[in-house]
Amino acid sequence: MLLYDENFQPLEGEELQQALEDLWENDPASFADAYIDLGHSEHIEFLTFADRLSALIWLHRTVNAGVVKTTTSHADSWRTGNHRVAGWSGESDDNLREEGRLLGDMSTISAGAVIAACAAALESLATSLLDRDSDSPLRKRGLQVKIAALIERWPHLLEPQMIRDSTQWIAERRNAFAHSLLDEVEPWNRSRGPWTFDDDAVEEAFTRVGEVASCLAVAWTADHRGEG
């Protein structure tokens with residue numbers, strides 16, 4: 001990406017890196033650029049994927065900010081007692097305890113929903129790349145099958161094992177989140193392994209789907225070079 005200073009000269013080195021980081025932090029349309037490198041690919045489906053990833057990053061940051069604000073207010077209420085209604089102190093405390101439990105659910109459900117949406121965005125991208133007439137049956141299959149078909153189709157694809165591993169990672173967590181909401185997982189096991197949905201898991205999801213999409217963009221560009 002080219003960025004320019006006030007004299008319309010291209011930024012370079014540390015100045016360019018700082019400008020990019022400012023964009024990644026403050027410009028919603030550029031949020032995904034920290035995770036995905038589309039190179040010279042201008043295929044609309046990659047741009048759509050990047051937009052969706054930016055939207056998910058914005059959503060995650062916005063919900064987190066809201067949870068932090070509410071958590072701070074919650075702690076202040078316990079400290080000052082300003083939540084208590086005269087004559088109903090016990091009931092007021094019970095309501096505040098319930099709010100505390102809800103705050104934990106907010107963070108977990110938000111993280112899980114964002115991870116599941118990352119999987120959906122990647123699957124939508126894979127579906128769009130299976131654009132041959134004979135691909136109709138494949139487009140109805142699951143995420144991992146679609147990605148496996150693209151790996152087989154593009155033998156020059158960079159880091160195929162990383163793509164398989166990351167696709168499996170995101171698919172497993174999407175399914176795990178759905179099952180956890182259905183209470184199909186023992187409560188003691190929900191905080192372990194693939195059942196963990198927190199900021200670290202969301203960050204890993206952003207990184208993994210971004211890396212997969214970046215590799216797919218390189219392969220797609222090479223495969224379609226000279227067309228048009």
# chains A, B, ... in the order shown; residues from 1 in each chain; ligands from 1
call {"tool": "residues_around", "arguments": {"residues": "range 171-175 of chain A", "least_positions_apart": "6", "cutoff": "9 Å", "atoms": "only C-alpha atoms", "output": "list in words"}}
result
Gly112, Ala113, Ile115, Ala116, Ala117, Cys118, Ala119, Ala120, Leu143, Gln144, Pro194, Trp195, Thr196 and Phe197 of chain A
call {"tool": "write_last_selection", "arguments": {"atoms": "C-alpha atoms", "output": "tab-separated table (two decimals), in the first residue's frame"}}
result
chain	number	residue	atom	x	y	z
A	112	GLY	CA	-17.52	-17.28	19.85
A	113	ALA	CA	-19.85	-15.45	17.49
A	115	ILE	CA	-14.94	-16.75	15.45
A	116	ALA	CA	-17.95	-18.49	13.88
A	117	ALA	CA	-18.44	-15.51	11.56
A	118	CYS	CA	-14.76	-15.70	10.55
A	119	ALA	CA	-15.35	-19.30	9.51
A	120	ALA	CA	-18.44	-18.26	7.55
A	143	LEU	CA	-15.49	-25.51	4.61
A	144	GLN	CA	-12.70	-28.08	4.89
A	194	PRO	CA	-11.34	-25.67	21.45
A	195	TRP	CA	-14.08	-24.68	23.89
A	196	THR	CA	-12.20	-21.53	24.93
A	197	PHE	CA	-13.64	-18.34	23.44
call {"tool": "residues_around", "arguments": {"residues": "Val212 in chain A", "least_positions_apart": "2", "cutoff": "9 Å", "atoms": "only C-alpha atoms", "output": "list in words"}}
result
Ile36, Leu122, Glu159, Met162, Ile163, Arg164, Ser166, Thr167, Thr207, Arg208, Val209, Gly210, Ser214, Cys215, Leu216 and Ala217 of chain A
call {"tool": "closest_residue", "arguments": {"among": "A:Val68, A:Ala219, A:Leu59, A:Ala213", "to": "Asp33 in chain A", "atoms": "only C-alpha atoms"}}
result
A:Ala213
